[in-house]
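Next up, model-v2.cif (mmCIF, N, CA and C atoms):
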```cif
data_target
#
loop_
_atom_site.label_atom_id
_atom_site.label_comp_id
_atom_site.auth_asym_id
_atom_site.auth_seq_id
_atom_site.Cartn_x
_atom_site.Cartn_y
_atom_site.Cartn_z
N MET A 116 0.84 -1.16 0.00
CA MET A 116 0.00 0.00 0.00
C MET A 116 0.89 1.23 0.00
N LEU A 117 0.47 2.29 -0.70
CA LEU A 117 1.22 3.53 -0.69
C LEU A 117 1.17 4.16 0.68
N SER A 118 2.22 4.84 1.03
CA SER A 118 2.27 5.56 2.29
C SER A 118 1.21 6.65 2.30
N ASP A 119 0.73 7.02 3.49
CA ASP A 119 -0.22 8.13 3.61
C ASP A 119 0.44 9.46 3.28
N ASP A 120 1.75 9.50 3.32
CA ASP A 120 2.49 10.72 3.03
C ASP A 120 3.06 10.61 1.63
N PRO A 121 2.44 11.28 0.61
CA PRO A 121 2.92 11.15 -0.76
C PRO A 121 4.36 11.61 -0.94
N ALA A 122 4.83 12.50 -0.07
CA ALA A 122 6.18 13.01 -0.20
C ALA A 122 7.22 11.95 0.18
N SER A 123 6.80 10.90 0.88
CA SER A 123 7.76 9.89 1.33
C SER A 123 8.28 9.05 0.17
N GLY A 124 7.48 8.92 -0.89
CA GLY A 124 7.91 8.15 -2.04
C GLY A 124 7.89 6.65 -1.80
N ARG A 125 7.43 6.20 -0.65
CA ARG A 125 7.39 4.77 -0.35
C ARG A 125 6.28 4.11 -1.14
N ASP A 126 6.56 2.92 -1.58
CA ASP A 126 5.60 2.17 -2.38
C ASP A 126 5.86 0.69 -2.13
N ASP A 127 4.82 -0.07 -1.81
CA ASP A 127 5.02 -1.49 -1.52
C ASP A 127 4.91 -2.36 -2.77
N GLY A 128 4.85 -1.73 -3.95
CA GLY A 128 4.80 -2.49 -5.20
C GLY A 128 3.42 -2.66 -5.77
N HIS A 129 2.38 -2.42 -5.01
CA HIS A 129 1.02 -2.54 -5.53
C HIS A 129 0.69 -1.31 -6.36
N ARG A 130 0.04 -1.55 -7.48
CA ARG A 130 -0.38 -0.44 -8.34
C ARG A 130 -1.84 -0.59 -8.67
N HIS A 131 -2.45 0.49 -9.00
CA HIS A 131 -3.82 0.48 -9.48
C HIS A 131 -3.82 1.15 -10.84
N VAL A 132 -4.66 0.69 -11.73
CA VAL A 132 -4.75 1.21 -13.08
C VAL A 132 -6.06 1.97 -13.22
N LEU A 133 -5.98 3.15 -13.75
CA LEU A 133 -7.16 3.99 -13.97
C LEU A 133 -7.75 3.67 -15.34
N HIS A 134 -9.04 3.40 -15.37
CA HIS A 134 -9.76 3.18 -16.63
C HIS A 134 -10.70 4.35 -16.80
N LEU A 135 -10.56 5.07 -17.88
CA LEU A 135 -11.35 6.27 -18.13
C LEU A 135 -12.05 6.13 -19.47
N PRO A 136 -13.24 5.55 -19.49
CA PRO A 136 -13.94 5.36 -20.77
C PRO A 136 -14.30 6.69 -21.42
N VAL A 137 -14.03 6.78 -22.70
CA VAL A 137 -14.37 7.94 -23.51
C VAL A 137 -15.03 7.41 -24.78
N ALA A 138 -16.18 7.93 -25.11
CA ALA A 138 -16.90 7.47 -26.30
C ALA A 138 -16.40 8.22 -27.53
N ALA A 139 -16.13 7.49 -28.59
CA ALA A 139 -15.74 8.06 -29.88
C ALA A 139 -16.52 7.32 -30.95
N THR A 140 -16.79 7.98 -32.04
CA THR A 140 -17.63 7.37 -33.08
C THR A 140 -16.89 6.38 -33.95
N ASP A 141 -15.55 6.47 -34.03
CA ASP A 141 -14.80 5.49 -34.81
C ASP A 141 -13.39 5.35 -34.23
N GLN A 142 -12.69 4.34 -34.67
CA GLN A 142 -11.37 4.03 -34.13
C GLN A 142 -10.37 5.15 -34.38
N ASP A 143 -10.38 5.75 -35.56
CA ASP A 143 -9.43 6.82 -35.85
C ASP A 143 -9.64 8.01 -34.91
N GLN A 144 -10.89 8.36 -34.64
CA GLN A 144 -11.18 9.45 -33.72
C GLN A 144 -10.71 9.09 -32.31
N ALA A 145 -10.94 7.87 -31.89
CA ALA A 145 -10.51 7.41 -30.56
C ALA A 145 -8.99 7.45 -30.45
N LEU A 146 -8.28 7.02 -31.49
CA LEU A 146 -6.82 7.04 -31.48
C LEU A 146 -6.28 8.46 -31.42
N ARG A 147 -6.87 9.38 -32.20
CA ARG A 147 -6.43 10.78 -32.17
C ARG A 147 -6.66 11.39 -30.80
N PHE A 148 -7.82 11.14 -30.20
CA PHE A 148 -8.12 11.69 -28.89
C PHE A 148 -7.19 11.11 -27.83
N ALA A 149 -6.99 9.80 -27.86
CA ALA A 149 -6.11 9.16 -26.88
C ALA A 149 -4.68 9.69 -27.00
N TYR A 150 -4.22 9.89 -28.23
CA TYR A 150 -2.87 10.42 -28.45
C TYR A 150 -2.77 11.83 -27.85
N ALA A 151 -3.72 12.69 -28.16
CA ALA A 151 -3.69 14.07 -27.66
C ALA A 151 -3.80 14.11 -26.14
N LEU A 152 -4.68 13.31 -25.57
CA LEU A 152 -4.85 13.29 -24.12
C LEU A 152 -3.58 12.79 -23.43
N ALA A 153 -3.04 11.69 -23.92
CA ALA A 153 -1.84 11.13 -23.32
C ALA A 153 -0.68 12.12 -23.39
N ARG A 154 -0.49 12.75 -24.54
CA ARG A 154 0.61 13.72 -24.69
C ARG A 154 0.42 14.92 -23.77
N SER A 155 -0.82 15.32 -23.53
CA SER A 155 -1.06 16.47 -22.66
C SER A 155 -0.78 16.14 -21.19
N LEU A 156 -0.77 14.86 -20.85
CA LEU A 156 -0.56 14.43 -19.47
C LEU A 156 0.83 13.83 -19.23
N VAL A 157 1.73 14.00 -20.17
CA VAL A 157 3.03 13.33 -20.12
C VAL A 157 3.84 13.65 -18.86
N LEU A 158 3.62 14.79 -18.24
CA LEU A 158 4.39 15.15 -17.06
C LEU A 158 3.78 14.67 -15.75
N VAL A 159 2.64 13.99 -15.80
CA VAL A 159 2.00 13.48 -14.59
C VAL A 159 2.78 12.25 -14.09
N PRO A 160 3.27 12.31 -12.84
CA PRO A 160 4.04 11.17 -12.31
C PRO A 160 3.18 9.89 -12.29
N GLY A 161 3.79 8.78 -12.66
CA GLY A 161 3.10 7.50 -12.62
C GLY A 161 2.30 7.19 -13.86
N LEU A 162 2.18 8.13 -14.78
CA LEU A 162 1.41 7.90 -16.00
C LEU A 162 2.31 7.31 -17.08
N GLU A 163 1.96 6.14 -17.55
CA GLU A 163 2.73 5.49 -18.61
C GLU A 163 2.08 5.82 -19.94
N VAL A 164 2.45 6.97 -20.48
CA VAL A 164 1.84 7.49 -21.71
C VAL A 164 1.92 6.48 -22.85
N ALA A 165 3.08 5.88 -23.02
CA ALA A 165 3.27 4.96 -24.15
C ALA A 165 2.45 3.69 -24.03
N GLY A 166 1.85 3.44 -22.87
CA GLY A 166 1.02 2.26 -22.69
C GLY A 166 -0.43 2.46 -23.07
N ALA A 167 -0.78 3.62 -23.62
CA ALA A 167 -2.17 3.91 -23.99
C ALA A 167 -2.65 2.99 -25.11
N THR A 168 -3.86 2.48 -24.96
CA THR A 168 -4.49 1.63 -25.97
C THR A 168 -5.93 2.07 -26.18
N VAL A 169 -6.51 1.64 -27.28
CA VAL A 169 -7.91 1.92 -27.63
C VAL A 169 -8.56 0.59 -27.99
N SER A 170 -9.82 0.43 -27.59
CA SER A 170 -10.56 -0.78 -27.95
C SER A 170 -12.00 -0.42 -28.27
N ALA A 171 -12.66 -1.30 -28.97
CA ALA A 171 -14.10 -1.14 -29.20
C ALA A 171 -14.82 -1.44 -27.88
N GLU A 172 -15.92 -0.76 -27.63
CA GLU A 172 -16.64 -0.92 -26.37
C GLU A 172 -17.05 -2.37 -26.12
N ASP A 173 -17.46 -3.06 -27.17
CA ASP A 173 -17.93 -4.43 -27.01
C ASP A 173 -16.83 -5.48 -27.21
N ALA A 174 -15.59 -5.02 -27.36
CA ALA A 174 -14.45 -5.94 -27.49
C ALA A 174 -13.24 -5.34 -26.78
N GLN A 175 -13.39 -5.06 -25.50
CA GLN A 175 -12.34 -4.37 -24.77
C GLN A 175 -11.10 -5.22 -24.56
N HIS A 176 -11.20 -6.50 -24.81
CA HIS A 176 -10.04 -7.38 -24.70
C HIS A 176 -9.14 -7.28 -25.94
N VAL A 177 -9.63 -6.65 -27.01
CA VAL A 177 -8.85 -6.46 -28.24
C VAL A 177 -8.45 -4.99 -28.28
N ARG A 178 -7.18 -4.73 -27.99
CA ARG A 178 -6.72 -3.35 -27.87
C ARG A 178 -5.75 -2.99 -28.98
N ARG A 179 -5.81 -1.74 -29.38
CA ARG A 179 -4.90 -1.21 -30.39
C ARG A 179 -3.99 -0.18 -29.71
N TRP A 180 -2.68 -0.31 -29.91
CA TRP A 180 -1.73 0.63 -29.34
C TRP A 180 -1.94 2.01 -29.93
N VAL A 181 -1.86 3.05 -29.10
CA VAL A 181 -1.89 4.43 -29.56
C VAL A 181 -0.48 4.83 -29.99
N PHE A 182 0.50 4.43 -29.19
CA PHE A 182 1.90 4.72 -29.47
C PHE A 182 2.59 3.44 -29.90
N CYS A 183 3.75 3.59 -30.53
CA CYS A 183 4.56 2.44 -30.90
C CYS A 183 4.86 1.64 -29.64
N ASP A 184 4.80 0.32 -29.71
CA ASP A 184 5.03 -0.49 -28.50
C ASP A 184 6.46 -1.01 -28.39
N ARG A 185 7.36 -0.52 -29.24
CA ARG A 185 8.74 -0.99 -29.17
C ARG A 185 9.45 -0.39 -27.96
N ILE A 186 10.22 -1.20 -27.29
CA ILE A 186 11.00 -0.73 -26.14
C ILE A 186 12.40 -0.42 -26.63
N MET A 187 12.87 0.76 -26.26
CA MET A 187 14.17 1.24 -26.71
C MET A 187 15.27 0.66 -25.82
N ALA A 188 16.52 0.90 -26.20
CA ALA A 188 17.67 0.37 -25.45
C ALA A 188 17.68 0.82 -24.00
N ASP A 189 17.18 2.03 -23.71
CA ASP A 189 17.18 2.55 -22.34
C ASP A 189 15.93 2.13 -21.56
N ARG A 190 15.17 1.17 -22.09
CA ARG A 190 13.96 0.59 -21.48
C ARG A 190 12.74 1.51 -21.56
N ARG A 191 12.85 2.65 -22.22
CA ARG A 191 11.68 3.49 -22.44
C ARG A 191 11.02 3.05 -23.73
N ARG A 192 9.74 3.35 -23.86
CA ARG A 192 9.02 3.02 -25.09
C ARG A 192 9.16 4.17 -26.09
N CYS A 193 9.06 3.82 -27.34
CA CYS A 193 9.03 4.81 -28.41
C CYS A 193 7.73 5.62 -28.26
N LEU A 194 7.80 6.94 -28.37
CA LEU A 194 6.61 7.79 -28.23
C LEU A 194 6.03 8.24 -29.56
N ALA A 195 6.45 7.61 -30.65
CA ALA A 195 5.83 7.90 -31.94
C ALA A 195 4.49 7.16 -32.00
N ARG A 196 3.64 7.58 -32.91
CA ARG A 196 2.36 6.89 -33.07
C ARG A 196 2.60 5.44 -33.50
N ALA A 197 1.66 4.59 -33.17
CA ALA A 197 1.75 3.18 -33.59
C ALA A 197 1.83 3.13 -35.12
N ASP A 198 2.56 2.17 -35.63
CA ASP A 198 2.72 1.98 -37.08
C ASP A 198 3.39 3.16 -37.76
N HIS A 199 4.27 3.89 -37.04
CA HIS A 199 4.93 5.06 -37.63
C HIS A 199 5.98 4.63 -38.64
N ASP A 200 6.36 5.58 -39.49
CA ASP A 200 7.45 5.39 -40.43
C ASP A 200 8.73 5.90 -39.78
N GLY A 201 9.85 5.38 -40.20
CA GLY A 201 11.13 5.87 -39.70
C GLY A 201 11.52 5.19 -38.39
N PRO A 202 12.66 5.64 -37.87
CA PRO A 202 13.20 5.04 -36.65
C PRO A 202 12.38 5.39 -35.42
N CYS A 203 12.46 4.53 -34.42
CA CYS A 203 11.80 4.78 -33.16
C CYS A 203 12.51 5.90 -32.39
N ASP A 204 11.76 6.59 -31.55
CA ASP A 204 12.32 7.70 -30.79
C ASP A 204 11.56 7.84 -29.47
N PRO A 205 12.24 7.65 -28.32
CA PRO A 205 11.56 7.77 -27.04
C PRO A 205 11.31 9.22 -26.62
N ASP A 206 11.77 10.18 -27.40
CA ASP A 206 11.64 11.59 -27.02
C ASP A 206 10.73 12.40 -27.96
N ARG A 207 9.93 11.77 -28.76
CA ARG A 207 9.06 12.51 -29.69
C ARG A 207 8.05 13.33 -28.95
#
```

Just give me the structure as structure tokens.
Amino acid sequence: MLSDDPASGRDDGHRHVLHLPVAATDQDQALRFAYALARSLVLVPGLEVAGATVSAEDAQHVRRWVFCDRIMADRRRCLARADHDGPCDPDR
């Protein structure tokens, strides 16, 4: 469990994942929104921006990556859009 004092930085290893459903009329719109939202929150501690995915409401077990899912040499993920052209870059 996290400490009651957020400044302590103590963490027992348990994590919780936030699920924030957002309705979009098609996959491309959902991907664009997820990309913009994730990029706007990139400085929030604990947020794994590159882990963002999109799924159909009735098939939430089938997810599409918003960002490239390749892990770079320094263990960070590439922050380019999924299926991008060119080399991967963790600092895009």

Give me the residues within 7 Å of segment 172-185 of chain A as a PDB file with N, CA and C atoms, keeping the file's coordinate frame, counting all atoms listed in the file and dropping any in the same chain fewer than 6 places off.
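Dumped everything to out-v6.pdb:
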```
ATOM      1  N   LEU A 146      -8.280   7.020 -31.490  1.00  0.00           N
ATOM      2  CA  LEU A 146      -6.820   7.040 -31.480  1.00  0.00           C
ATOM      3  C   LEU A 146      -6.280   8.460 -31.420  1.00  0.00           C
ATOM      4  N   ALA A 149      -6.990   9.800 -27.860  1.00  0.00           N
ATOM      5  CA  ALA A 149      -6.110   9.160 -26.880  1.00  0.00           C
ATOM      6  C   ALA A 149      -4.680   9.690 -27.000  1.00  0.00           C
ATOM      7  N   TYR A 150      -4.220   9.890 -28.230  1.00  0.00           N
ATOM      8  CA  TYR A 150      -2.870  10.420 -28.450  1.00  0.00           C
ATOM      9  C   TYR A 150      -2.770  11.830 -27.850  1.00  0.00           C
ATOM     10  N   VAL A 164       2.450   6.970 -20.480  1.00  0.00           N
ATOM     11  CA  VAL A 164       1.840   7.490 -21.710  1.00  0.00           C
ATOM     12  C   VAL A 164       1.920   6.480 -22.850  1.00  0.00           C
ATOM     13  N   ALA A 165       3.080   5.880 -23.020  1.00  0.00           N
ATOM     14  CA  ALA A 165       3.270   4.960 -24.150  1.00  0.00           C
ATOM     15  C   ALA A 165       2.450   3.690 -24.030  1.00  0.00           C
ATOM     16  N   GLY A 166       1.850   3.440 -22.870  1.00  0.00           N
ATOM     17  CA  GLY A 166       1.020   2.260 -22.690  1.00  0.00           C
ATOM     18  C   GLY A 166      -0.430   2.460 -23.070  1.00  0.00           C
ATOM     19  N   ARG A 191      12.850   2.650 -22.220  1.00  0.00           N
ATOM     20  CA  ARG A 191      11.680   3.490 -22.440  1.00  0.00           C
ATOM     21  C   ARG A 191      11.020   3.050 -23.730  1.00  0.00           C
ATOM     22  N   ARG A 192       9.740   3.350 -23.860  1.00  0.00           N
ATOM     23  CA  ARG A 192       9.020   3.020 -25.090  1.00  0.00           C
ATOM     24  C   ARG A 192       9.160   4.170 -26.090  1.00  0.00           C
ATOM     25  N   CYS A 193       9.060   3.820 -27.340  1.00  0.00           N
ATOM     26  CA  CYS A 193       9.030   4.810 -28.410  1.00  0.00           C
ATOM     27  C   CYS A 193       7.730   5.620 -28.260  1.00  0.00           C
ATOM     28  N   LEU A 194       7.800   6.940 -28.370  1.00  0.00           N
ATOM     29  CA  LEU A 194       6.610   7.790 -28.230  1.00  0.00           C
ATOM     30  C   LEU A 194       6.030   8.240 -29.560  1.00  0.00           C
ATOM     31  N   ALA A 195       6.450   7.610 -30.650  1.00  0.00           N
ATOM     32  CA  ALA A 195       5.830   7.900 -31.940  1.00  0.00           C
ATOM     33  C   ALA A 195       4.490   7.160 -32.000  1.00  0.00           C
ATOM     34  N   ARG A 196       3.640   7.580 -32.910  1.00  0.00           N
ATOM     35  CA  ARG A 196       2.360   6.890 -33.070  1.00  0.00           C
ATOM     36  C   ARG A 196       2.600   5.440 -33.500  1.00  0.00           C
ATOM     37  N   ALA A 197       1.660   4.590 -33.170  1.00  0.00           N
ATOM     38  CA  ALA A 197       1.750   3.180 -33.590  1.00  0.00           C
ATOM     39  C   ALA A 197       1.830   3.130 -35.120  1.00  0.00           C
ATOM     40  N   ASP A 198       2.560   2.170 -35.630  1.00  0.00           N
ATOM     41  CA  ASP A 198       2.720   1.980 -37.080  1.00  0.00           C
ATOM     42  C   ASP A 198       3.390   3.160 -37.760  1.00  0.00           C
ATOM     43  N   HIS A 199       4.270   3.890 -37.040  1.00  0.00           N
ATOM     44  CA  HIS A 199       4.930   5.060 -37.630  1.00  0.00           C
ATOM     45  C   HIS A 199       5.980   4.630 -38.640  1.00  0.00           C
TER      46      HIS A 199
END
```

Mind giving me the straight-line distance from atom CA of Gln142 of chain A to atom CA of Leu156 of chain A in Å, one decimal?
21.0 Å

Apply DSSP to the structure's backbone, then extract all residues of chain A labelled strand (DSSP E or B) and return them as a ChimeraX atom specification.
/A:168-171,174-180,182,186,192,196

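A straight line drawn from atom N of Val132 of chain A to atom CA of Ala171 of chain A is 19.9 Å long.
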
Tell me, in Å to one decimal, how far atom CA of Ala139 of chain A is from atom CA of Pro160 of chain A.
26.6 Å

Pick out each residue of chain A that DSSP on the backbone tags as helix (DSSP H, G or I); I need them as a ChimeraX atom specification.
/A:121-123,142-155,164-166

To box segment 176-190 of chain A, take all atoms listed in the file, fit an axis-aligned box, add 6 Å on each side, and give centre and edge lengths in Å to one decimal, as lines of an AutoDock Vina configuration file.
```
center_x = 3.2
center_y = -1.3
center_z = -26.2
size_x = 40.9
size_y = 24.2
size_z = 21.4
```

Counting only C-alpha atoms, which residue out of A:Ala188, A:Val157, A:Val169, A:Leu162 sits closest to Asp143 of chain A?
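So, comparing all the options, the nearest one is A:Val169.
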
Which one is closest to Ala138 of chain A: A:Ser170, A:Arg154, A:Ile186, A:Asp206? Count only C-alpha atoms.
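Closest candidate: A:Ser170.
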